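Containing compact mmCIF, C-alpha atoms: run31.txt.
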```txt
# COMPACT_ATOMS: atom_id res chain seq x y z
CA MET A 1 85.44 42.20 60.42
CA SER A 2 83.17 39.37 61.58
CA ILE A 3 84.30 36.86 64.19
CA VAL A 4 82.31 34.18 62.34
CA ALA A 5 84.21 32.02 59.84
CA ASP A 6 83.23 32.24 56.17
CA ARG A 7 82.71 28.48 56.02
CA LEU A 8 79.62 28.77 58.22
CA SER A 9 77.88 30.76 55.49
CA ARG A 10 77.76 27.53 53.48
CA ILE A 11 75.53 25.72 55.96
CA LYS A 12 72.33 26.14 57.96
CA PRO A 13 71.31 24.93 61.43
CA SER A 14 69.60 21.53 61.52
CA PRO A 15 65.94 22.05 60.51
CA THR A 16 64.78 19.02 62.49
CA ILE A 17 66.38 20.30 65.68
CA ALA A 18 64.89 23.74 64.96
CA VAL A 19 61.36 22.30 64.68
CA SER A 20 61.74 20.34 67.92
CA SER A 21 63.08 23.42 69.70
CA LYS A 22 60.19 25.55 68.42
CA ALA A 23 57.67 22.95 69.62
CA LYS A 24 59.29 22.91 73.08
CA GLU A 25 59.21 26.71 73.25
CA LEU A 26 55.51 26.78 72.39
CA LYS A 27 54.77 24.09 74.98
CA ALA A 28 56.68 26.06 77.60
CA ALA A 29 54.56 29.10 76.69
CA GLY A 30 51.41 27.11 77.38
CA ARG A 31 50.46 26.06 73.85
CA ASP A 32 49.02 22.58 73.27
CA VAL A 33 51.60 21.20 70.82
CA ILE A 34 52.08 17.68 69.50
CA GLY A 35 55.67 17.28 68.37
CA LEU A 36 56.14 14.99 65.37
CA GLY A 37 59.48 16.46 64.35
CA ALA A 38 62.00 14.52 66.43
CA GLY A 39 63.58 11.29 65.22
CA GLU A 40 63.66 9.89 68.72
CA PRO A 41 61.99 6.71 70.01
CA ASP A 42 59.55 7.35 72.85
CA PHE A 43 60.54 4.04 74.47
CA ASP A 44 62.97 4.16 77.37
CA THR A 45 66.50 2.76 77.22
CA PRO A 46 66.28 -0.95 78.21
CA ASP A 47 66.83 -1.59 81.91
CA PHE A 48 69.73 -3.98 81.36
CA VAL A 49 71.54 -1.23 79.46
CA LYS A 50 70.98 1.31 82.24
CA GLU A 51 72.16 -1.22 84.82
CA ALA A 52 75.40 -1.68 82.88
CA ALA A 53 75.94 2.08 83.05
CA TYR A 54 75.31 2.14 86.81
CA LYS A 55 77.83 -0.68 87.26
CA ALA A 56 80.40 1.11 85.09
CA ILE A 57 80.13 4.18 87.30
CA ALA A 58 80.37 2.10 90.49
CA ASP A 59 83.39 0.27 89.09
CA GLY A 60 85.20 3.52 88.34
CA GLN A 61 84.95 3.39 84.55
CA THR A 62 84.92 7.17 84.47
CA LYS A 63 88.31 7.95 82.94
CA TYR A 64 89.60 8.58 79.43
CA THR A 65 89.44 5.65 77.07
CA ALA A 66 91.16 5.09 73.73
CA VAL A 67 90.21 7.96 71.41
CA ASP A 68 87.96 5.92 69.14
CA GLY A 69 86.54 3.37 71.57
CA THR A 70 87.42 0.73 74.13
CA ALA A 71 88.72 -2.64 73.00
CA GLU A 72 85.73 -4.33 74.64
CA LEU A 73 83.20 -2.23 72.74
CA LYS A 74 85.10 -2.66 69.48
CA ASP A 75 84.98 -6.42 69.97
CA ALA A 76 81.22 -6.25 70.54
CA ILE A 77 80.83 -4.20 67.35
CA ILE A 78 82.94 -6.73 65.44
CA ALA A 79 80.65 -9.50 66.71
CA LYS A 80 77.55 -7.47 65.79
CA PHE A 81 78.76 -6.88 62.23
CA LYS A 82 79.44 -10.61 61.85
CA ARG A 83 76.14 -11.68 63.44
CA ASP A 84 73.86 -9.27 61.65
CA ASN A 85 75.65 -8.44 58.40
CA ASP A 86 78.16 -11.25 57.79
CA LEU A 87 80.98 -8.68 57.68
CA ASP A 88 84.44 -9.43 59.13
CA TYR A 89 86.40 -6.62 60.76
CA SER A 90 89.41 -6.33 63.06
CA ARG A 91 89.77 -3.79 65.87
CA ASP A 92 91.81 -1.41 63.72
CA GLN A 93 88.90 -1.34 61.24
CA ILE A 94 86.40 -0.13 63.86
CA THR A 95 85.76 3.39 65.14
CA VAL A 96 83.42 4.60 67.90
CA GLY A 97 82.24 8.20 67.99
CA THR A 98 80.02 10.54 69.96
CA GLY A 99 76.90 9.55 68.04
CA GLY A 100 76.42 8.42 64.47
CA LYS A 101 76.59 12.04 63.29
CA GLN A 102 80.18 12.43 64.50
CA VAL A 103 81.21 9.23 62.75
CA LEU A 104 79.89 10.53 59.41
CA TYR A 105 81.43 13.96 60.03
CA ASN A 106 84.82 12.48 60.91
CA ALA A 107 84.81 10.37 57.75
CA LEU A 108 84.04 13.33 55.50
CA MET A 109 86.55 15.62 57.21
CA ALA A 110 89.22 12.92 56.99
CA SER A 111 88.69 12.14 53.29
CA VAL A 112 87.12 14.99 51.31
CA ASN A 113 89.32 17.52 49.53
CA ALA A 114 88.11 20.84 48.14
CA GLY A 115 86.02 20.17 45.04
CA ASP A 116 85.44 16.48 45.69
CA GLU A 117 81.87 15.48 44.85
CA VAL A 118 79.60 13.49 47.14
CA ILE A 119 76.46 11.91 45.69
CA ILE A 120 73.44 12.26 47.98
CA PRO A 121 70.03 10.83 47.00
CA ALA A 122 67.11 13.09 47.91
CA PRO A 123 65.14 13.02 50.11
CA TYR A 124 68.15 12.91 52.43
CA TRP A 125 68.90 13.27 56.11
CA VAL A 126 69.28 17.01 56.62
CA SER A 127 72.92 16.92 57.79
CA TYR A 128 74.49 15.10 54.82
CA PRO A 129 74.89 18.09 52.45
CA ASP A 130 75.97 20.49 55.18
CA MET A 131 78.67 18.17 56.46
CA VAL A 132 79.98 17.80 52.90
CA LEU A 133 80.03 21.60 52.53
CA LEU A 134 81.92 22.01 55.81
CA ALA A 135 84.52 19.61 54.43
CA GLU A 136 84.77 21.85 51.33
CA GLY A 137 83.21 19.19 49.15
CA THR A 138 80.39 19.54 46.63
CA PRO A 139 77.09 17.79 47.34
CA VAL A 140 75.59 16.27 44.19
CA ILE A 141 71.87 15.87 44.88
CA VAL A 142 69.97 13.21 42.93
CA GLU A 143 66.19 13.43 43.31
CA CYS A 144 64.36 10.14 43.83
CA SER A 145 60.72 10.09 42.88
CA LYS A 146 57.73 8.99 44.93
CA ASP A 147 56.86 6.62 42.07
CA ASN A 148 59.96 4.58 42.92
CA GLY A 149 59.33 4.72 46.67
CA PHE A 150 61.81 7.61 46.98
CA LYS A 151 64.61 5.15 46.15
CA LEU A 152 67.56 5.75 43.82
CA LYS A 153 67.53 4.09 40.42
CA PRO A 154 70.81 2.59 39.17
CA GLU A 155 70.73 4.64 35.97
CA ASP A 156 70.45 7.84 38.00
CA LEU A 157 73.42 6.81 40.14
CA GLU A 158 75.42 6.08 37.00
CA ALA A 159 74.56 9.49 35.54
CA ALA A 160 75.66 11.31 38.71
CA ILE A 161 79.14 9.78 38.89
CA THR A 162 81.99 11.90 37.53
CA PRO A 163 85.80 11.73 37.83
CA LYS A 164 85.43 14.05 40.86
CA THR A 165 83.08 11.75 42.77
CA LYS A 166 84.59 10.72 46.11
CA TRP A 167 81.63 9.29 48.05
CA PHE A 168 78.15 7.94 47.54
CA ILE A 169 76.06 8.30 50.70
CA PHE A 170 73.51 5.51 51.10
CA ASN A 171 70.81 5.37 53.77
CA SER A 172 68.41 2.45 54.20
CA PRO A 173 65.90 2.49 55.81
CA SER A 174 65.72 6.15 54.97
CA ASN A 175 65.39 9.19 57.12
CA PRO A 176 63.04 10.90 56.12
CA THR A 177 60.97 8.49 54.01
CA GLY A 178 61.31 5.14 55.77
CA GLY A 179 61.98 3.55 52.39
CA ALA A 180 64.30 0.53 52.45
CA TYR A 181 66.17 -1.20 49.63
CA SER A 182 65.64 -4.89 48.93
CA TYR A 183 68.59 -7.11 48.09
CA ASP A 184 67.87 -6.86 44.36
CA GLU A 185 67.45 -3.07 44.48
CA LEU A 186 70.74 -2.70 46.34
CA LYS A 187 72.54 -5.17 44.06
CA ALA A 188 71.59 -3.02 41.07
CA LEU A 189 73.32 -0.06 42.74
CA THR A 190 76.42 -2.01 43.78
CA ASP A 191 76.75 -3.29 40.19
CA VAL A 192 77.07 0.34 39.10
CA LEU A 193 79.59 1.12 41.84
CA LEU A 194 81.79 -1.82 40.86
CA LYS A 195 82.44 -0.05 37.55
CA HIS A 196 83.80 3.06 39.29
CA PRO A 197 86.70 2.10 41.60
CA HIS A 198 87.35 5.72 42.65
CA VAL A 199 83.97 6.00 44.39
CA TYR A 200 83.65 5.14 48.08
CA ILE A 201 80.39 4.13 49.76
CA MET A 202 79.19 5.57 53.06
CA SER A 203 76.34 3.36 54.25
CA ASP A 204 74.24 4.87 57.04
CA ASP A 205 72.53 1.83 58.60
CA MET A 206 71.17 3.58 61.71
CA TYR A 207 67.64 2.19 61.22
CA GLU A 208 68.78 -1.35 60.40
CA HIS A 209 66.65 -3.07 63.05
CA LEU A 210 63.54 -0.98 62.38
CA VAL A 211 61.98 -2.88 59.45
CA TYR A 212 58.51 -4.35 59.10
CA ASP A 213 56.34 -6.88 57.25
CA GLY A 214 59.13 -9.46 57.04
CA PHE A 215 61.49 -7.13 55.17
CA GLU A 216 64.99 -8.63 54.97
CA TYR A 217 67.62 -6.01 55.68
CA CYS A 218 70.96 -5.91 53.84
CA THR A 219 73.87 -3.48 53.59
CA PRO A 220 76.13 -2.70 50.56
CA ALA A 221 79.33 -4.51 51.62
CA GLN A 222 77.21 -7.56 52.47
CA VAL A 223 75.48 -7.57 49.08
CA GLU A 224 78.72 -7.02 47.15
CA PRO A 225 81.83 -8.21 49.04
CA LYS A 226 84.08 -6.73 46.32
CA LEU A 227 83.11 -3.30 47.68
CA PHE A 228 84.18 -4.14 51.25
CA ASP A 229 87.41 -2.11 51.19
CA ARG A 230 85.60 0.90 49.67
CA THR A 231 82.68 0.90 52.10
CA LEU A 232 82.31 2.60 55.46
CA THR A 233 79.43 0.81 57.20
CA CYS A 234 78.00 3.19 59.82
CA ASN A 235 75.59 2.42 62.62
CA GLY A 236 74.85 3.24 66.26
CA VAL A 237 72.69 2.50 69.26
CA SER A 238 70.54 5.64 69.22
CA LYS A 239 67.45 4.50 67.33
CA SER A 240 67.13 0.73 67.78
CA TYR A 241 68.06 0.77 71.45
CA ALA A 242 66.37 4.10 72.35
CA MET A 243 69.72 5.58 73.39
CA THR A 244 69.71 8.92 71.57
CA GLY A 245 71.09 10.84 74.55
CA TRP A 246 73.90 8.38 75.21
CA ARG A 247 75.62 9.50 71.99
CA ILE A 248 77.34 6.39 70.68
CA GLY A 249 77.83 5.69 66.98
CA TYR A 250 80.27 3.37 65.28
CA ALA A 251 81.53 2.23 61.90
CA GLY A 252 83.61 -0.41 60.17
CA GLY A 253 85.91 0.46 57.28
CA SER A 254 89.39 0.30 55.81
CA LYS A 255 92.30 0.65 58.23
CA ASP A 256 93.66 3.82 56.62
CA LEU A 257 90.30 5.59 56.77
CA ILE A 258 89.61 4.48 60.34
CA LYS A 259 93.06 5.73 61.40
CA ALA A 260 92.43 9.07 59.71
CA MET A 261 89.03 9.38 61.41
CA ALA A 262 90.66 8.75 64.79
CA LYS A 263 93.11 11.57 64.03
CA VAL A 264 90.19 13.97 63.44
CA GLN A 265 88.44 12.81 66.60
CA SER A 266 91.63 13.17 68.67
CA GLN A 267 91.53 16.90 67.97
CA SER A 268 87.81 17.39 68.61
CA THR A 269 86.03 15.36 71.30
CA SER A 270 88.64 12.69 72.05
CA ASN A 271 86.88 9.57 73.34
CA PRO A 272 83.10 9.17 73.63
CA SER A 273 81.77 8.97 77.20
CA SER A 274 83.26 5.97 78.98
CA VAL A 275 79.94 5.25 80.72
CA SER A 276 78.02 5.45 77.44
CA GLN A 277 80.48 3.00 75.89
CA ALA A 278 79.82 0.53 78.71
CA ALA A 279 76.08 0.93 78.10
CA ALA A 280 76.50 0.41 74.35
CA LEU A 281 78.54 -2.73 75.04
CA ALA A 282 75.63 -4.13 77.05
CA ALA A 283 73.15 -3.15 74.34
CA LEU A 284 75.05 -4.97 71.60
CA GLU A 285 75.84 -8.07 73.66
CA GLY A 286 72.52 -8.36 75.54
CA ASP A 287 69.20 -10.03 74.78
CA GLN A 288 67.89 -8.59 71.51
CA SER A 289 64.34 -9.96 71.81
CA PHE A 290 62.88 -6.63 72.96
CA LEU A 291 63.53 -5.24 69.46
CA ALA A 292 60.76 -7.36 67.96
CA ASP A 293 58.28 -6.24 70.61
CA ARG A 294 59.01 -2.57 69.98
CA ASN A 295 58.92 -3.05 66.20
CA ALA A 296 55.43 -4.49 66.51
CA VAL A 297 54.32 -1.25 68.16
CA PHE A 298 56.05 0.88 65.52
CA LYS A 299 54.39 -1.16 62.77
CA GLU A 300 50.93 -0.58 64.27
CA ARG A 301 51.62 3.14 64.50
CA ARG A 302 52.90 3.25 60.92
CA ASN A 303 49.79 1.51 59.59
CA MET A 304 47.47 3.78 61.55
CA VAL A 305 49.21 7.02 60.51
CA VAL A 306 49.36 6.03 56.84
CA ASP A 307 45.66 5.10 56.82
CA LEU A 308 44.58 8.27 58.61
CA LEU A 309 46.68 10.58 56.42
CA ASN A 310 45.37 8.99 53.23
CA GLU A 311 41.85 9.89 54.38
CA VAL A 312 42.78 13.58 54.22
CA GLU A 313 41.90 15.31 50.97
CA GLY A 314 45.05 16.76 49.39
CA ILE A 315 47.48 14.42 51.16
CA GLU A 316 48.98 11.20 49.79
CA CYS A 317 51.19 8.94 51.92
CA LEU A 318 53.20 5.86 50.96
CA LYS A 319 53.58 2.98 53.41
CA PRO A 320 57.34 2.68 54.07
CA GLU A 321 59.32 -0.47 54.81
CA GLY A 322 61.20 0.78 57.85
CA ALA A 323 62.41 3.48 60.28
CA PHE A 324 59.71 5.48 62.09
CA TYR A 325 58.89 8.18 59.58
CA VAL A 326 56.36 8.79 56.85
CA TYR A 327 56.87 11.33 54.07
CA PRO A 328 53.44 12.36 52.79
CA SER A 329 52.86 14.63 49.80
CA CYS A 330 51.00 17.90 50.32
CA ALA A 331 50.98 18.73 46.60
CA GLY A 332 47.19 18.69 46.63
CA LEU A 333 47.15 21.61 49.06
CA ILE A 334 49.60 23.96 47.33
CA GLY A 335 47.72 26.99 46.01
CA LYS A 336 45.03 26.97 48.68
CA THR A 337 44.63 29.70 51.27
CA THR A 338 44.35 29.55 55.05
CA PRO A 339 41.26 30.86 56.87
CA ASP A 340 43.12 34.12 57.55
CA GLY A 341 43.97 34.58 53.89
CA LYS A 342 47.57 33.32 53.67
CA LEU A 343 48.51 31.47 50.49
CA ILE A 344 50.02 27.99 50.83
CA GLU A 345 52.83 28.23 48.28
CA SER A 346 55.20 25.57 49.64
CA ASP A 347 55.55 22.68 52.06
CA GLU A 348 57.18 25.11 54.49
CA ASP A 349 54.05 27.28 54.37
CA PHE A 350 51.97 24.17 55.04
CA VAL A 351 53.91 22.98 58.10
CA THR A 352 53.94 26.53 59.47
CA TYR A 353 50.17 26.60 59.08
CA LEU A 354 49.81 23.24 60.88
CA LEU A 355 51.90 24.48 63.80
CA GLU A 356 50.19 27.85 64.11
CA SER A 357 46.61 26.67 63.58
CA GLU A 358 46.55 23.25 65.23
CA GLY A 359 49.74 22.91 67.24
CA VAL A 360 51.14 20.03 65.16
CA ALA A 361 54.90 20.23 64.64
CA CYS A 362 56.43 18.38 61.68
CA VAL A 363 59.25 19.14 59.22
CA GLN A 364 58.93 20.53 55.70
CA GLY A 365 60.16 18.44 52.79
CA ALA A 366 62.41 21.25 51.59
CA ALA A 367 64.67 20.50 54.55
CA PHE A 368 65.24 17.02 53.10
CA GLY A 369 65.77 18.16 49.54
CA LEU A 370 62.45 17.14 47.99
CA SER A 371 59.19 19.12 47.91
CA PRO A 372 56.23 19.37 48.30
CA TYR A 373 56.29 16.83 51.12
CA PHE A 374 56.57 16.85 54.90
CA ARG A 375 58.03 14.40 57.41
CA ILE A 376 56.13 12.97 60.33
CA SER A 377 57.86 10.92 63.01
CA TYR A 378 55.57 8.29 64.49
CA ALA A 379 57.97 7.60 67.35
CA THR A 380 55.41 8.88 69.84
CA SER A 381 52.29 7.51 71.52
CA THR A 382 49.29 6.19 69.62
CA GLU A 383 47.15 8.77 71.42
CA ASN A 384 49.37 11.63 70.23
CA LEU A 385 49.40 10.30 66.68
CA THR A 386 45.63 9.85 66.57
CA GLU A 387 45.05 13.39 67.84
CA ALA A 388 47.69 14.83 65.49
CA CYS A 389 46.11 13.22 62.43
CA LYS A 390 42.71 14.49 63.55
CA ARG A 391 44.14 18.02 63.78
CA ILE A 392 45.86 17.71 60.37
CA LYS A 393 42.58 16.63 58.79
CA ARG A 394 40.78 19.57 60.39
CA ALA A 395 43.46 22.03 59.25
CA CYS A 396 43.33 20.77 55.67
CA ALA A 397 39.53 20.91 55.59
CA ALA A 398 39.71 24.57 56.62
CA LEU A 399 41.86 25.51 53.62
CA GLN A 400 40.05 27.38 50.88
CA GLY A 401 40.35 27.74 47.14
CA LYS A 402 41.65 25.51 44.38
CA ALA A 403 44.91 23.64 44.67
CA SER A 404 47.56 23.95 41.98
CA ALA A 405 48.23 20.98 39.71
CA ALA A 406 50.38 18.36 41.42
```
Here is the file; what I need is its structure written in the form of structure tokens.
Amino acid sequence: MSIVADRLSRIKPSPTIAVSSKAKELKAAGRDVIGLGAGEPDFDTPDFVKEAAYKAIADGQTKYTAVDGTAELKDAIIAKFKRDNDLDYSRDQITVGTGGKQVLYNALMASVNAGDEVIIPAPYWVSYPDMVLLAEGTPVIVECSKDNGFKLKPEDLEAAITPKTKWFIFNSPSNPTGGAYSYDELKALTDVLLKHPHVYIMSDDMYEHLVYDGFEYCTPAQVEPKLFDRTLTCNGVSKSYAMTGWRIGYAGGSKDLIKAMAKVQSQSTSNPSSVSQAAALAALEGDQSFLADRNAVFKERRNMVVDLLNEVEGIECLKPEGAFYVYPSCAGLIGKTTPDGKLIESDEDFVTYLLESEGVACVQGAAFGLSPYFRISYATSTENLTEACKRIKRACAALQGKASAA
């Protein structure tokens, strides 16, 4: 008899973490590897945030807090939701977790019954389907085509909804594509959701502040206030504030759901780190002007990577509206062979070839539910990105034979 629970057979380890770990192993072994797999800003946490953490330690803020966040941090989150999204919450409608991932996990564990369906547009963040499976739910994957910027069409959302649908998971800007929904595009989806009062909306807004070219960000409950009570608006400080290791995520939602999520958290981690909460408080209440400066750098990197990738024969790359990812197609390379005679049959074969031949680590599209693509994170230096694109071009030029039809 195995010690391992049967439920674990339903899921797989995070592919993005696996790629980053593999890149680190190769580097440690002396290989020259450029890691483009991690969704982690290369900027440092702002100094004023770090100083708040130092002060919290000096002031003795090193004890347990309320399970789902301090009152002070909840108040800062309430103010943030009002300032940025025109959403009004009270403290008992706010939860704080150990990273955005825990917030999503808590919500699914607190609400999904066996057989409940959860609609997930693909490409999706790798953890969405697995968390649904752990909660004994059924992921309903809806593929979104490159022709529509990898964004969900309202008619496809409508077709996916059944009497068993419990949640619709929405992510804008998207991990992995960087695609973001305009007000009109989101309104078309919320119009569909209004017709189905049994469906709840989980909006993952983690990349809210990472948008470019004057794009105006909006979130579902903001676009359609009638959906407010059915929407869990999720966010965190990891990406925008370069605080991935601090592990603070948060959400606003209905009182009954927030209470149920706190119950789940009380039996897992209890409260997030008290020092990290003090740092997150400073991040949300402090000067936000540095965000624009960092976004300008991300925008330059995005433009450069998109231009360089589109110069590579066999690769096509859209220019996304936000986040710090691109999701290029490698359809033009499927069917070719590597210099040592291996056939490129999938995007996984292609990214393996890039890593082994040129030391460029990225993530296959299959991990995100849509092939044949691959994800590149441009949250690294311009020098690394320039060299990585040079290596990708060289690797693709070395492939032989005729590609299959795209």
For this session: Find, counting only C-alpha atoms, the residue in A:Leu257, A:Gly314, A:Leu152, A:Leu87 that gets nearest to Lys226 (chain A).
Result: A:Leu87
Contacts of region 179-187 of chain A at 10 Å or less, counting only C-alpha atoms, minus same-chain residues fewer than 2 places along, as a CSV table (one decimal) with C-alpha atoms, in the frame of the given file?
```csv
chain,number,residue,atom,x,y,z
A,148,ASN,CA,60.0,4.6,42.9
A,149,GLY,CA,59.3,4.7,46.7
A,150,PHE,CA,61.8,7.6,47.0
A,151,LYS,CA,64.6,5.2,46.2
A,152,LEU,CA,67.6,5.8,43.8
A,153,LYS,CA,67.5,4.1,40.4
A,154,PRO,CA,70.8,2.6,39.2
A,170,PHE,CA,73.5,5.5,51.1
A,171,ASN,CA,70.8,5.4,53.8
A,172,SER,CA,68.4,2.4,54.2
A,173,PRO,CA,65.9,2.5,55.8
A,174,SER,CA,65.7,6.2,55.0
A,175,ASN,CA,65.4,9.2,57.1
A,176,PRO,CA,63.0,10.9,56.1
A,177,THR,CA,61.0,8.5,54.0
A,189,LEU,CA,73.3,-0.1,42.7
A,190,THR,CA,76.4,-2.0,43.8
A,191,ASP,CA,76.8,-3.3,40.2
A,192,VAL,CA,77.1,0.3,39.1
A,193,LEU,CA,79.6,1.1,41.8
A,207,TYR,CA,67.6,2.2,61.2
A,208,GLU,CA,68.8,-1.4,60.4
A,211,VAL,CA,62.0,-2.9,59.4
A,215,PHE,CA,61.5,-7.1,55.2
A,216,GLU,CA,65.0,-8.6,55.0
A,217,TYR,CA,67.6,-6.0,55.7
A,218,CYS,CA,71.0,-5.9,53.8
A,219,THR,CA,73.9,-3.5,53.6
A,220,PRO,CA,76.1,-2.7,50.6
A,222,GLN,CA,77.2,-7.6,52.5
A,223,VAL,CA,75.5,-7.6,49.1
A,224,GLU,CA,78.7,-7.0,47.2
A,318,LEU,CA,53.2,5.9,51.0
A,319,LYS,CA,53.6,3.0,53.4
A,320,PRO,CA,57.3,2.7,54.1
A,321,GLU,CA,59.3,-0.5,54.8
A,322,GLY,CA,61.2,0.8,57.8
A,323,ALA,CA,62.4,3.5,60.3
A,325,TYR,CA,58.9,8.2,59.6
A,326,VAL,CA,56.4,8.8,56.8
A,327,TYR,CA,56.9,11.3,54.1
```
For this session: Provide the CA of Val351 (chain A) to CA of Phe374 (chain A) distance in Å, to one decimal place.
Result: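 Computing the Euclidean distance for CA of Val351 (chain A) and CA of Phe374 (chain A) yields 7.4 Å.
Candidate residues A:Asn310, A:Thr352, A:Thr269, A:Ser240 were compared for distance to Ala379 (chain A), and the nearest is A:Ser240, using all atoms listed in the file.
With only C-alpha atoms as the basis for measurement, A:Asp88 is the residue among A:Asp88, A:Glu155, A:Glu25, A:Asp32 that approaches Ala221 (chain A) most closely.
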For this session: For Cys330 (chain A), list every protein, DNA or RNA residue within 8 Å, evaluated using only C-alpha atoms, and leave out those in the same chain fewer than 6 positions away; present the list as a list in words.
Result: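 Residues near the query, excluding close chain neighbours: Gly314, Ile315, Glu316, Asp347, Phe350, Pro372, Tyr373 and Phe374 of chain A.
Minimum atom-to-atom distance to Val306 (chain A), evaluated using only C-alpha atoms, belongs to A:Leu385 out of A:Pro46, A:Pro123, A:Leu291, A:Leu385.
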For this session: Record the distance separating CA of Val103 (chain A) and CA of Glu143 (chain A), expressed in Å with one decimal.
Result: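 Taking CA of Val103 (chain A) as the start and CA of Glu143 (chain A) as the end point, the length is 24.9 Å.
Taking CA of Met206 (chain A) and CA of Gly236 (chain A) as endpoints, the distance between them is 5.9 Å.
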Exercise. Using all atoms listed in the file, which residue out of A:Thr70, A:Asn271, A:Ser254, A:Ser145 lies closest to Thr231 (chain A)?
Worked result: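 With all atoms listed in the file as the atom set, the closest residue is A:Ser254.
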For this session: Please identify all polymer residues within 9 Å of Asp130 (chain A), counting all atoms listed in the file, omitting same-chain residues fewer than 2 positions from it, and present them as a ChimeraX atom specification.
Result: /A:10-13,126-128,132-135,139
Problem set entry | Spatial neighbours of region 395-404 of chain A, 12 Å, only C-alpha atoms, chain gap at least 6 places, as a PyMOL selection string | chain A and resi 309+311-315+330-346+350-360+372+388-389
Any chance you can output those residues with C-alpha atoms as a PDB file, in the frame of the given file?
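Result file is selection_2.pdb:
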```pdb
ATOM      1  CA  LEU A 309      46.680  10.580  56.420  1.00  0.00           C
ATOM      2  CA  GLU A 311      41.850   9.890  54.380  1.00  0.00           C
ATOM      3  CA  VAL A 312      42.780  13.580  54.220  1.00  0.00           C
ATOM      4  CA  GLU A 313      41.900  15.310  50.970  1.00  0.00           C
ATOM      5  CA  GLY A 314      45.050  16.760  49.390  1.00  0.00           C
ATOM      6  CA  ILE A 315      47.480  14.420  51.160  1.00  0.00           C
ATOM      7  CA  CYS A 330      51.000  17.900  50.320  1.00  0.00           C
ATOM      8  CA  ALA A 331      50.980  18.730  46.600  1.00  0.00           C
ATOM      9  CA  GLY A 332      47.190  18.690  46.630  1.00  0.00           C
ATOM     10  CA  LEU A 333      47.150  21.610  49.060  1.00  0.00           C
ATOM     11  CA  ILE A 334      49.600  23.960  47.330  1.00  0.00           C
ATOM     12  CA  GLY A 335      47.720  26.990  46.010  1.00  0.00           C
ATOM     13  CA  LYS A 336      45.030  26.970  48.680  1.00  0.00           C
ATOM     14  CA  THR A 337      44.630  29.700  51.270  1.00  0.00           C
ATOM     15  CA  THR A 338      44.350  29.550  55.050  1.00  0.00           C
ATOM     16  CA  PRO A 339      41.260  30.860  56.870  1.00  0.00           C
ATOM     17  CA  ASP A 340      43.120  34.120  57.550  1.00  0.00           C
ATOM     18  CA  GLY A 341      43.970  34.580  53.890  1.00  0.00           C
ATOM     19  CA  LYS A 342      47.570  33.320  53.670  1.00  0.00           C
ATOM     20  CA  LEU A 343      48.510  31.470  50.490  1.00  0.00           C
ATOM     21  CA  ILE A 344      50.020  27.990  50.830  1.00  0.00           C
ATOM     22  CA  GLU A 345      52.830  28.230  48.280  1.00  0.00           C
ATOM     23  CA  SER A 346      55.200  25.570  49.640  1.00  0.00           C
ATOM     24  CA  PHE A 350      51.970  24.170  55.040  1.00  0.00           C
ATOM     25  CA  VAL A 351      53.910  22.980  58.100  1.00  0.00           C
ATOM     26  CA  THR A 352      53.940  26.530  59.470  1.00  0.00           C
ATOM     27  CA  TYR A 353      50.170  26.600  59.080  1.00  0.00           C
ATOM     28  CA  LEU A 354      49.810  23.240  60.880  1.00  0.00           C
ATOM     29  CA  LEU A 355      51.900  24.480  63.800  1.00  0.00           C
ATOM     30  CA  GLU A 356      50.190  27.850  64.110  1.00  0.00           C
ATOM     31  CA  SER A 357      46.610  26.670  63.580  1.00  0.00           C
ATOM     32  CA  GLU A 358      46.550  23.250  65.230  1.00  0.00           C
ATOM     33  CA  GLY A 359      49.740  22.910  67.240  1.00  0.00           C
ATOM     34  CA  VAL A 360      51.140  20.030  65.160  1.00  0.00           C
ATOM     35  CA  PRO A 372      56.230  19.370  48.300  1.00  0.00           C
ATOM     36  CA  ALA A 388      47.690  14.830  65.490  1.00  0.00           C
ATOM     37  CA  CYS A 389      46.110  13.220  62.430  1.00  0.00           C
TER      38      CYS A 389
END
```
Show which residues sit within 7 Å of Leu370 (chain A), as a short mmCIF file (atom, residue, chain, number, x, y, z; two decimals) with C-alpha atoms, in the frame of the given file. Count all atoms listed in the file, and ignore same-chain residues fewer than 4 positions away.
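Result file follows (out13.cif):
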```
data_model
loop_
_atom_site.label_atom_id
_atom_site.label_comp_id
_atom_site.auth_asym_id
_atom_site.auth_seq_id
_atom_site.Cartn_x
_atom_site.Cartn_y
_atom_site.Cartn_z
CA ALA A 122 67.11 13.09 47.91
CA PRO A 123 65.14 13.02 50.11
CA GLY A 365 60.16 18.44 52.79
CA ALA A 366 62.41 21.25 51.59
#
```
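Across A:Gln93, A:Ser21, A:Ser289, A:Thr62, the tightest approach to Asp75 (chain A) is made by A:Gln93 when counting only C-alpha atoms.
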For this session: Give as a list in words each residue that has an atom at most 12 Å from (89.4, -0.7, 72.2) in the file, counting only C-alpha atoms.
Result: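 Within the cut-off we find Tyr64, Thr65, Ala66, Val67, Asp68, Gly69, Thr70, Ala71, Glu72, Leu73, Lys74, Asp75, Ala76, Ile77, Ile78, Ser90, Arg91, Asp92, Gln93, Ile94, Thr95, Val96, Asn271, Pro272, Ser274, Gln277, Ala278 and Leu281 of chain A.
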